Amino acid sequence: MSAVEDVVTEAPAVEAVPKRAMTLGLGTSLVVLAALVIAPIFVKNFIIFQMTMLLIYGLAVLALNILTGGSGQFSLGQSAFYAVGAYTSAILMEHANMNYALTLPIAGIVCFAFGYLFGKPALRLSGVYLALATFALATAMPQLLKLGFFEHWTGGVQGLVVTKPDAPFGLKMSQDMWLYYFTLVISIGIYIASINLLRSRSGRAFMAIRDNEIAASAMGVNVALYKTLAFGVSAGITGVAGGLGAIAVQFVAPDGYTILLAISLFLGMVVGGVGWLPGSLVGSAFIIFVPNIAEGISKGLSGAVFGVLLFLVIFLVPHGARQVAMVAQQLLGKMIKK
Amino acid sequence: MTQAQLAQGNAPLLAVRDVSVVFGGIIALNGVSFDMHKGAILGLIGPNGAGKTTLFNCLSRLYQPSSGDILMEGVSILTRPPHRIAEIGIGRTFQNVALFPNLSVMDNVRVGTHARTSSDIISDSLKLAWVRRGEADVNKKVHEILAYLDLEDVAHTVVSGLPFGTQKRVELARALAADPKILLLDEPAGGLNHEEVYVLGDLIRRIRDERHMTVLLVEHHMGLVMSIADHVVALNFGRKLAEGTPAQVQADPDVIKAYLGSKDQ
């Protein structure tokens, strides 16, 4: 075993961040989980709301990570899937009086189907062309939601107001805190399922396609099927995130789901580390908090400050949070050896 | 099994029948036919541009022949899409190594078992009991193959960092993981040094004998082909030039002319 480790450490710098390392160790995972469980008890409701959004965007970034980091397909259209999920939940809750928790699997299934179908024509495209096609989807979505034809259901430009659920079973807990723990449980479930998926036969097929389509096909991998499945899975998870987002924000409107959201999610993926699932949470934190920090530094130039901060991150740690984690792990390892 | 027995024995495992491939106006293959018999090592030789790789790509369904047929155990393979070739027992390696560079050696070989296993994304996500059992079987098999090809030390290393010769062995391991009946090897000796080529020759023979496979070897390295092949097919300009035992093909005046040029030129 030590021989293998020697080979790994002696490999060139690029190899220091192998793509196969997709997850955190068990110990680190438990520490992060404990922090996520305990933190809300000590903070105000607004912070709890922000933490809920952190998890929700984390899920959306994770979904993009499965698509891009896993199967190697770009998407700038995740905001469209997020919007469809949000509207599915909102419409079912407000027009059909359905329980909020039940709307989420439906949002996931609707978005899976949407993503799978979108993936079919997108099969002919790859790289930057695929990015452009998904970009078109993201640009079209807000306008589609405003169409008069759907207005009875979608509320048109006005959008829909969603009622925030109370804590069940008579639990003495604020609505925000209940929703946070509800979101946390769903996020953990999806996170574990995603890791299982990427480490399975299907996940290996995704990554084989990412690395070499012709070889994957020669090994019996149905490239078209797995590429569309990756789109479906990614859209499905994004749809669940969108549904949770609608419940947390208590409001859906077309202009909440513009291309800016898709770009933010893309940014979150890069900052977290492409293909590294735990990085999704870090990427999500970046897209939620760094704009606020930038505004705190300079109100008038917040965009410029954000740009500089982003540039610094990309310049200093091009592999994102994963790189930071790997370096930290190596340093810790050295300290323990001494 | 002697050559005569092979020839007289039962129907061929793989039959190439009058296959032609035309790209635009260029005839890459022109009515090539030959048989592969179970347990044989068939060498496919020819100068650059002779159509060896084109034929190879027809067998793995990357190219569609313009005419002719390819039969595996009597059934045409030409209606199958490329990803359904592995499941009928045709495995291959690539001329310039086509591994999955960001995956570990083990994961590369695991992908090789794809055609022999089944799963769906929901069972995989939930890691259901039958998925876990399937993975355990896959891992057992992958470890067996890694041990067979002496790759256990690098099992968890990412492939892109390995030396070329090792990568070639990983590719062979990946092909073996699908339990192919026919192993198509596209220039396995390319980029290897003298000594490595002879080790490779022994290995190919061992694989044929111990794992009961039939091998189609496309190779530039004459020494390797002549020392291990039972039967040799020589191509030039898309046509079959000669066929027979290594000695017969080596002595064939057309083959000598194709490789060395004729006096008239």
# chains A, B, ... in the order shown; residues from 1 in each chain; ligands from 1

call {"tool": "closest_atom_pairs", "arguments": {"of": "chain B", "to": "chain A", "cutoff": "9 Å", "atoms": "only C-alpha atoms", "output": "tab-separated table"}}
result
residue	atom	partner	partner_atom	distance
B:Ser60	CA	A:Ala218	CA	7.1
B:Arg61	CA	A:Ala218	CA	8.8
B:Leu62	CA	A:Ile214	CA	8.5
B:Pro82	CA	A:Ser217	CA	6.2
B:His83	CA	A:Gly220	CA	4.2
B:Arg84	CA	A:Gly220	CA	5.7
B:Ile85	CA	A:Gly220	CA	6.9
B:Ala86	CA	A:Gly220	CA	5.3
B:Glu87	CA	A:Gly220	CA	6.8
B:Ile90	CA	A:Ala218	CA	9.0
B:Gly91	CA	A:Ala218	CA	7.4
B:Arg92	CA	A:Ala218	CA	7.3
B:Thr93	CA	A:Ala215	CA	8.6
B:Phe94	CA	A:Ala215	CA	8.2
B:Ala98	CA	A:Ala215	CA	6.0
B:Leu99	CA	A:Ala215	CA	7.0
B:Phe100	CA	A:Asp211	CA	5.0
B:Pro101	CA	A:Asp211	CA	6.4
B:Asn102	CA	A:Lys19	CA	5.8
B:Leu103	CA	A:Arg20	CA	5.8
B:Ser104	CA	A:Arg20	CA	7.0
B:Asp107	CA	A:Arg204	CA	7.2
B:Asn108	CA	A:Ala208	CA	8.0
B:Arg110	CA	A:Arg204	CA	8.0
B:Val111	CA	A:Arg204	CA	6.4
B:Gly112	CA	A:Met219	CA	5.5
B:Thr113	CA	A:Met219	CA	7.5
B:His114	CA	A:Gly220	CA	6.0
B:Ala115	CA	A:Gly220	CA	4.8
B:Arg116	CA	A:Gly220	CA	8.5
B:Thr117	CA	A:Arg201	CA	8.4
B:Ser118	CA	A:Arg201	CA	8.0
B:Ser119	CA	A:Arg201	CA	7.0
B:Asp120	CA	A:Ser202	CA	7.0
B:Ile121	CA	A:Ser202	CA	6.3
B:Ile122	CA	A:Leu197	CA	8.2
B:Ser123	CA	A:Leu197	CA	8.7
B:Asp124	CA	A:Leu197	CA	5.3
B:Ser125	CA	A:Leu197	CA	4.4
B:Leu126	CA	A:Ala193	CA	5.9
B:Lys127	CA	A:Asn196	CA	6.3
B:Val131	CA	A:Ser200	CA	8.4
B:Glu135	CA	A:Ser200	CA	7.9
B:Asp153	CA	A:Val4	CA	6.4
B:Val154	CA	A:Val4	CA	6.2
B:Ala155	CA	A:Val4	CA	8.3
B:His156	CA	A:Val4	CA	7.3
B:Thr157	CA	A:Val8	CA	6.8
B:Val158	CA	A:Pro18	CA	6.9
B:Ser160	CA	A:Glu15	CA	8.5
B:Gly161	CA	A:Ala11	CA	6.7
B:Arg174	CA	A:Met219	CA	8.3
B:Ala175	CA	A:Met219	CA	7.6
B:Ala178	CA	A:Met219	CA	7.6

call {"tool": "write_last_selection", "arguments": {"atoms": "N, CA and C atoms", "output": "compact mmCIF listing (two decimals), in the first residue's frame"}}
result
# COMPACT_ATOMS: atom_id res chain seq x y z
N SER B 60 -15.25 -3.64 -34.92
CA SER B 60 -15.80 -3.07 -33.68
C SER B 60 -16.91 -2.07 -34.01
N ARG B 61 -17.41 -2.07 -35.23
CA ARG B 61 -18.60 -1.33 -35.66
C ARG B 61 -18.43 0.18 -35.61
N LEU B 62 -17.18 0.66 -35.68
CA LEU B 62 -17.01 2.10 -35.77
C LEU B 62 -17.22 2.54 -37.21
N PRO B 82 -22.38 0.09 -32.09
CA PRO B 82 -21.06 -0.17 -31.52
C PRO B 82 -21.08 -0.64 -30.06
N HIS B 83 -22.02 -0.09 -29.27
CA HIS B 83 -21.98 -0.45 -27.84
C HIS B 83 -22.57 -1.84 -27.58
N ARG B 84 -23.09 -2.49 -28.62
CA ARG B 84 -23.60 -3.84 -28.39
C ARG B 84 -22.72 -4.91 -29.04
N ILE B 85 -21.45 -4.56 -29.24
CA ILE B 85 -20.49 -5.49 -29.79
C ILE B 85 -19.79 -6.26 -28.66
N ALA B 86 -19.52 -5.55 -27.56
CA ALA B 86 -18.82 -6.20 -26.44
C ALA B 86 -19.63 -7.38 -25.91
N GLU B 87 -20.96 -7.25 -25.88
CA GLU B 87 -21.78 -8.29 -25.25
C GLU B 87 -21.80 -9.60 -26.04
N ILE B 90 -16.83 -9.64 -28.46
CA ILE B 90 -15.71 -9.05 -29.20
C ILE B 90 -15.13 -7.92 -28.36
N GLY B 91 -13.90 -8.09 -27.93
CA GLY B 91 -13.23 -7.07 -27.12
C GLY B 91 -12.07 -6.50 -27.89
N ARG B 92 -11.66 -5.28 -27.59
CA ARG B 92 -10.57 -4.69 -28.36
C ARG B 92 -9.66 -3.80 -27.52
N THR B 93 -8.46 -3.57 -28.06
CA THR B 93 -7.60 -2.50 -27.54
C THR B 93 -7.41 -1.53 -28.70
N PHE B 94 -6.84 -0.37 -28.39
CA PHE B 94 -6.72 0.68 -29.40
C PHE B 94 -5.26 0.92 -29.76
N ALA B 98 -6.46 3.96 -25.61
CA ALA B 98 -7.63 4.80 -25.34
C ALA B 98 -8.22 4.40 -24.00
N LEU B 99 -7.49 4.80 -22.94
CA LEU B 99 -7.99 4.52 -21.59
C LEU B 99 -8.83 5.69 -21.11
N PHE B 100 -9.36 5.59 -19.90
CA PHE B 100 -10.07 6.70 -19.28
C PHE B 100 -9.06 7.37 -18.34
N PRO B 101 -8.38 8.43 -18.80
CA PRO B 101 -7.17 8.91 -18.12
C PRO B 101 -7.38 9.38 -16.69
N ASN B 102 -8.58 9.85 -16.35
CA ASN B 102 -8.78 10.38 -14.99
C ASN B 102 -9.26 9.33 -14.01
N LEU B 103 -9.46 8.12 -14.48
CA LEU B 103 -9.91 7.06 -13.57
C LEU B 103 -8.71 6.22 -13.14
N SER B 104 -8.88 5.55 -12.00
CA SER B 104 -7.82 4.67 -11.52
C SER B 104 -7.75 3.43 -12.40
N ASP B 107 -10.76 1.29 -11.75
CA ASP B 107 -12.00 1.76 -12.34
C ASP B 107 -12.00 1.54 -13.86
N ASN B 108 -10.85 1.72 -14.48
CA ASN B 108 -10.75 1.44 -15.92
C ASN B 108 -11.15 -0.01 -16.20
N ARG B 110 -12.86 -1.94 -14.24
CA ARG B 110 -14.26 -2.14 -13.88
C ARG B 110 -15.18 -1.75 -15.03
N VAL B 111 -14.85 -0.66 -15.73
CA VAL B 111 -15.68 -0.27 -16.88
C VAL B 111 -15.69 -1.40 -17.91
N GLY B 112 -14.59 -2.13 -17.98
CA GLY B 112 -14.53 -3.26 -18.90
C GLY B 112 -15.61 -4.30 -18.66
N THR B 113 -16.11 -4.39 -17.43
CA THR B 113 -17.14 -5.39 -17.13
C THR B 113 -18.55 -4.89 -17.48
N HIS B 114 -18.63 -3.65 -17.98
CA HIS B 114 -19.95 -3.03 -18.21
C HIS B 114 -20.89 -3.92 -19.02
N ALA B 115 -20.36 -4.49 -20.09
CA ALA B 115 -21.22 -5.26 -20.99
C ALA B 115 -21.68 -6.58 -20.36
N ARG B 116 -21.00 -7.01 -19.31
CA ARG B 116 -21.33 -8.30 -18.68
C ARG B 116 -22.16 -8.12 -17.42
N THR B 117 -22.51 -6.90 -17.09
CA THR B 117 -23.26 -6.64 -15.87
C THR B 117 -24.48 -5.79 -16.22
N SER B 118 -25.37 -5.60 -15.24
CA SER B 118 -26.50 -4.72 -15.49
C SER B 118 -26.82 -3.95 -14.23
N SER B 119 -27.46 -2.81 -14.39
CA SER B 119 -27.87 -1.99 -13.25
C SER B 119 -28.76 -0.89 -13.78
N ASP B 120 -29.39 -0.15 -12.88
CA ASP B 120 -30.13 1.04 -13.30
C ASP B 120 -29.81 2.14 -12.32
N ILE B 121 -30.07 3.38 -12.69
CA ILE B 121 -29.60 4.50 -11.86
C ILE B 121 -30.26 4.53 -10.49
N ILE B 122 -31.51 4.07 -10.39
CA ILE B 122 -32.17 4.13 -9.08
C ILE B 122 -31.57 3.10 -8.13
N SER B 123 -31.44 1.86 -8.58
CA SER B 123 -30.82 0.84 -7.72
C SER B 123 -29.39 1.23 -7.36
N ASP B 124 -28.67 1.82 -8.34
CA ASP B 124 -27.30 2.24 -8.07
C ASP B 124 -27.25 3.34 -7.02
N SER B 125 -28.17 4.31 -7.12
CA SER B 125 -28.18 5.42 -6.15
C SER B 125 -28.50 4.93 -4.75
N LEU B 126 -29.38 3.93 -4.66
CA LEU B 126 -29.79 3.43 -3.35
C LEU B 126 -28.89 2.30 -2.87
N LYS B 127 -27.94 1.88 -3.72
CA LYS B 127 -27.00 0.82 -3.37
C LYS B 127 -27.76 -0.40 -2.84
N VAL B 131 -27.23 -4.75 -6.07
CA VAL B 131 -26.17 -3.94 -6.65
C VAL B 131 -24.85 -4.20 -5.91
N GLU B 135 -21.38 -5.62 -7.39
CA GLU B 135 -20.10 -4.91 -7.27
C GLU B 135 -19.04 -5.82 -6.66
N ASP B 153 -0.02 -3.64 -8.04
CA ASP B 153 0.65 -2.54 -7.34
C ASP B 153 0.11 -1.17 -7.72
N VAL B 154 -0.42 -1.05 -8.93
CA VAL B 154 -0.90 0.26 -9.38
C VAL B 154 -2.42 0.33 -9.40
N ALA B 155 -3.08 -0.64 -8.75
CA ALA B 155 -4.54 -0.75 -8.85
C ALA B 155 -5.26 0.58 -8.58
N HIS B 156 -4.75 1.35 -7.61
CA HIS B 156 -5.47 2.57 -7.23
C HIS B 156 -4.85 3.83 -7.80
N THR B 157 -3.87 3.67 -8.70
CA THR B 157 -3.22 4.83 -9.30
C THR B 157 -4.05 5.33 -10.48
N VAL B 158 -4.07 6.66 -10.62
CA VAL B 158 -4.77 7.24 -11.78
C VAL B 158 -3.96 6.91 -13.03
N SER B 160 -3.46 8.20 -16.02
CA SER B 160 -2.69 9.13 -16.86
C SER B 160 -1.24 9.29 -16.39
N GLY B 161 -0.94 8.93 -15.14
CA GLY B 161 0.42 9.09 -14.65
C GLY B 161 1.31 7.88 -14.89
N ARG B 174 -8.52 -4.26 -19.27
CA ARG B 174 -9.88 -3.77 -19.46
C ARG B 174 -10.62 -4.62 -20.50
N ALA B 175 -9.92 -4.98 -21.57
CA ALA B 175 -10.55 -5.82 -22.60
C ALA B 175 -10.87 -7.20 -22.05
N ALA B 178 -14.19 -8.12 -19.96
CA ALA B 178 -15.49 -8.38 -20.58
C ALA B 178 -15.61 -9.84 -21.03

call {"tool": "residues_around", "arguments": {"residues": "Thr54 of chain B", "least_positions_apart": "4", "cutoff": "12 Å", "atoms": "only C-alpha atoms", "output": "ChimeraX atom specification"}}
result
/B:19-23,27-30,32,44,48-50,58-65,95,186,218,235,237-239

call {"tool": "atom_distance", "arguments": {"atom1": "atom CA of Leu224 of chain B", "atom2": "atom CA of Pro163 of chain B"}}
result
21.6 Å

call {"tool": "atom_distance", "arguments": {"atom1": "atom CA of Pro254 of chain A", "atom2": "atom CA of Thr103 of chain A"}}
result
19.3 Å

call {"tool": "residues_around", "arguments": {"residues": "Arg211 of chain B", "least_positions_apart": "2", "cutoff": "12 Å", "atoms": "only C-alpha atoms", "output": "VMD selection string"}}
result
chain B and resid 39 145 148 176 to 183 203 to 209 213 to 215

call {"tool": "closest_residue", "arguments": {"among": "A:Ile106, A:Thr154, A:Val327, A:Ile48", "to": "Gly242 of chain A", "atoms": "only C-alpha atoms"}}
result
A:Ile106

call {"tool": "select_by_dssp", "arguments": {"residues": "segment 79-261 of chain B", "states": "helix (DSSP H, G or I)", "output": "ChimeraX atom specification"}}
result
/B:82-84,86-88,105-112,114-116,121-126,129-148,152-154,159-161,164-176,194-211,222-228,246-251,253-260

call {"tool": "atom_distance", "arguments": {"atom1": "atom CA of His220 of chain B", "atom2": "atom CA of Thr166 of chain B"}}
result
20.0 Å

call {"tool": "residues_around", "arguments": {"residues": "Ala246 of chain A", "least_positions_apart": "5", "cutoff": "7 Å", "atoms": "only C-alpha atoms", "output": "list in words"}}
result
Ala86, Ala90, Phe251 and Val252 of chain A

call {"tool": "write_last_selection", "arguments": {"atoms": "N, CA and C atoms", "output": "PDB file, in the first residue's frame"}}
result
ATOM      1  N   ALA A  86     -39.351  24.749  -9.197  1.00  0.00           N
ATOM      2  CA  ALA A  86     -39.975  25.725  -8.302  1.00  0.00           C
ATOM      3  C   ALA A  86     -41.452  25.906  -8.659  1.00  0.00           C
ATOM      4  N   ALA A  90     -44.800  25.044  -6.490  1.00  0.00           N
ATOM      5  CA  ALA A  90     -45.681  26.164  -6.156  1.00  0.00           C
ATOM      6  C   ALA A  90     -47.092  25.922  -6.689  1.00  0.00           C
ATOM      7  N   PHE A 251     -42.219  32.330  -2.629  1.00  0.00           N
ATOM      8  CA  PHE A 251     -42.588  33.137  -3.778  1.00  0.00           C
ATOM      9  C   PHE A 251     -41.898  32.598  -5.029  1.00  0.00           C
ATOM     10  N   VAL A 252     -42.626  32.476  -6.115  1.00  0.00           N
ATOM     11  CA  VAL A 252     -41.962  32.196  -7.390  1.00  0.00           C
ATOM     12  C   VAL A 252     -42.384  33.273  -8.392  1.00  0.00           C
TER      13      VAL A 252
END

call {"tool": "closest_residue", "arguments": {"among": "B:Val232, B:Val97, B:Ile256, B:Leu128", "to": "Gly43 of chain B", "atoms": "only C-alpha atoms"}}
result
B:Val232

call {"tool": "residues_around", "arguments": {"residues": "Ala63 of chain A", "least_positions_apart": "4", "cutoff": "7 Å", "atoms": "only C-alpha atoms", "output": "JSON, numbers by chain"}}
result
{"A": [59, 67, 234, 237, 238]}

call {"tool": "select_by_dssp", "arguments": {"residues": "segment 16-251 of chain B", "states": "strand (DSSP E or B)", "output": "ChimeraX atom specification"}}
result
/B:16-23,26-36,41-45,67-72,75-76,90-92,104,158,182-186,214-218,231-236,239-244

call {"tool": "closest_residue", "arguments": {"among": "A:Gly243, A:Pro142, A:Pro121, A:Gly77", "to": "Ile109 of chain A", "atoms": "only C-alpha atoms"}}
result
A:Gly243

call {"tool": "residues_around", "arguments": {"residues": "Leu179 of chain A", "least_positions_apart": "4", "cutoff": "10 Å", "atoms": "only C-alpha atoms", "output": "number ranges by chain"}}
result
A: 48-49, 52, 164-167, 173-175, 183-185, 244, 247-248

call {"tool": "write_last_selection", "arguments": {"atoms": "N, CA and C atoms", "output": "short mmCIF file (atom, residue, chain, number, x, y, z; two decimals), in the first residue's frame"}}
result
data_model
loop_
_atom_site.label_atom_id
_atom_site.label_comp_id
_atom_site.auth_asym_id
_atom_site.auth_seq_id
_atom_site.Cartn_x
_atom_site.Cartn_y
_atom_site.Cartn_z
N ILE A 48 -30.75 31.47 9.72
CA ILE A 48 -31.22 30.12 9.43
C ILE A 48 -31.76 30.04 8.00
N PHE A 49 -32.49 31.09 7.61
CA PHE A 49 -33.00 31.15 6.25
C PHE A 49 -31.85 31.10 5.24
N THR A 52 -30.54 27.70 4.97
CA THR A 52 -31.41 26.87 4.14
C THR A 52 -31.09 27.09 2.66
N LYS A 164 -45.63 29.28 3.73
CA LYS A 164 -44.52 28.57 4.40
C LYS A 164 -45.11 27.55 5.37
N PRO A 165 -44.62 26.33 5.36
CA PRO A 165 -45.18 25.29 6.22
C PRO A 165 -44.78 25.47 7.69
N ASP A 166 -45.67 25.05 8.60
CA ASP A 166 -45.35 25.03 10.04
C ASP A 166 -44.65 23.72 10.37
N ALA A 167 -43.97 23.74 11.52
CA ALA A 167 -43.35 22.50 11.98
C ALA A 167 -44.45 21.50 12.34
N MET A 173 -40.86 24.86 17.25
CA MET A 173 -39.74 25.20 16.38
C MET A 173 -40.26 26.26 15.43
N SER A 174 -39.43 27.25 15.11
CA SER A 174 -39.90 28.27 14.17
C SER A 174 -40.02 27.66 12.78
N GLN A 175 -40.82 28.31 11.92
CA GLN A 175 -40.98 27.80 10.56
C GLN A 175 -39.64 27.70 9.85
N THR A 183 -34.89 20.59 4.93
CA THR A 183 -33.98 20.69 3.78
C THR A 183 -32.70 19.90 4.02
N LEU A 184 -32.21 19.96 5.26
CA LEU A 184 -30.97 19.26 5.59
C LEU A 184 -31.11 17.75 5.37
N VAL A 185 -32.24 17.20 5.83
CA VAL A 185 -32.45 15.76 5.68
C VAL A 185 -32.50 15.39 4.20
N LEU A 244 -37.71 23.22 -3.23
CA LEU A 244 -37.36 23.64 -1.87
C LEU A 244 -37.16 25.14 -1.82
N ILE A 247 -40.42 26.97 -1.64
CA ILE A 247 -41.03 26.90 -0.31
C ILE A 247 -40.30 27.83 0.66
N ALA A 248 -38.96 27.87 0.55
CA ALA A 248 -38.18 28.69 1.49
C ALA A 248 -38.39 30.17 1.23
#

call {"tool": "residues_around", "arguments": {"residues": "segment 266-275 of chain A", "least_positions_apart": "2", "cutoff": "7 Å", "atoms": "only C-alpha atoms", "output": "NGL selection string"}}
result
:A and (19 or 22 or 61 or 65-66 or 69-70 or 76 or 262-264 or 277 or 279-280 or 282-284 or 286-287 or 319-322)

call {"tool": "write_last_selection", "arguments": {"atoms": "C-alpha atoms", "output": "PDB file, in the first residue's frame"}}
result
ATOM      1  CA  LYS A  19     -10.452  13.299 -10.235  1.00  0.00           C
ATOM      2  CA  MET A  22     -14.952  12.516  -5.158  1.00  0.00           C
ATOM      3  CA  VAL A  61     -24.467  22.967  -7.664  1.00  0.00           C
ATOM      4  CA  ASN A  65     -21.372  18.703 -10.742  1.00  0.00           C
ATOM      5  CA  ILE A  66     -22.840  15.318 -11.603  1.00  0.00           C
ATOM      6  CA  GLY A  69     -17.808  16.707 -13.394  1.00  0.00           C
ATOM      7  CA  GLY A  70     -19.350  13.273 -13.865  1.00  0.00           C
ATOM      8  CA  LEU A  76     -25.583  26.971 -18.573  1.00  0.00           C
ATOM      9  CA  ALA A 262     -27.465  29.494 -14.102  1.00  0.00           C
ATOM     10  CA  ILE A 263     -24.171  31.378 -14.245  1.00  0.00           C
ATOM     11  CA  SER A 264     -24.047  31.579 -10.443  1.00  0.00           C
ATOM     12  CA  LEU A 277     -19.168  16.695  -4.634  1.00  0.00           C
ATOM     13  CA  GLY A 279     -17.192  21.285  -2.926  1.00  0.00           C
ATOM     14  CA  SER A 280     -20.791  21.970  -3.932  1.00  0.00           C
ATOM     15  CA  VAL A 282     -18.427  25.583  -0.594  1.00  0.00           C
ATOM     16  CA  GLY A 283     -19.406  26.790  -4.059  1.00  0.00           C
ATOM     17  CA  SER A 284     -22.914  27.486  -2.819  1.00  0.00           C
ATOM     18  CA  PHE A 286     -19.420  31.480  -2.356  1.00  0.00           C
ATOM     19  CA  ILE A 287     -22.352  32.470  -4.552  1.00  0.00           C
ATOM     20  CA  HIS A 319      -9.140  23.617  -8.719  1.00  0.00           C
ATOM     21  CA  GLY A 320     -11.296  25.346  -6.145  1.00  0.00           C
ATOM     22  CA  ALA A 321     -12.186  24.078  -2.715  1.00  0.00           C
ATOM     23  CA  ARG A 322     -11.014  20.589  -3.616  1.00  0.00           C
TER      24      ARG A 322
END

call {"tool": "closest_residue", "arguments": {"among": "A:Tyr180, A:Val240, A:Ser126, A:Val290", "to": "Leu102 of chain A", "atoms": "only C-alpha atoms"}}
result
A:Val240
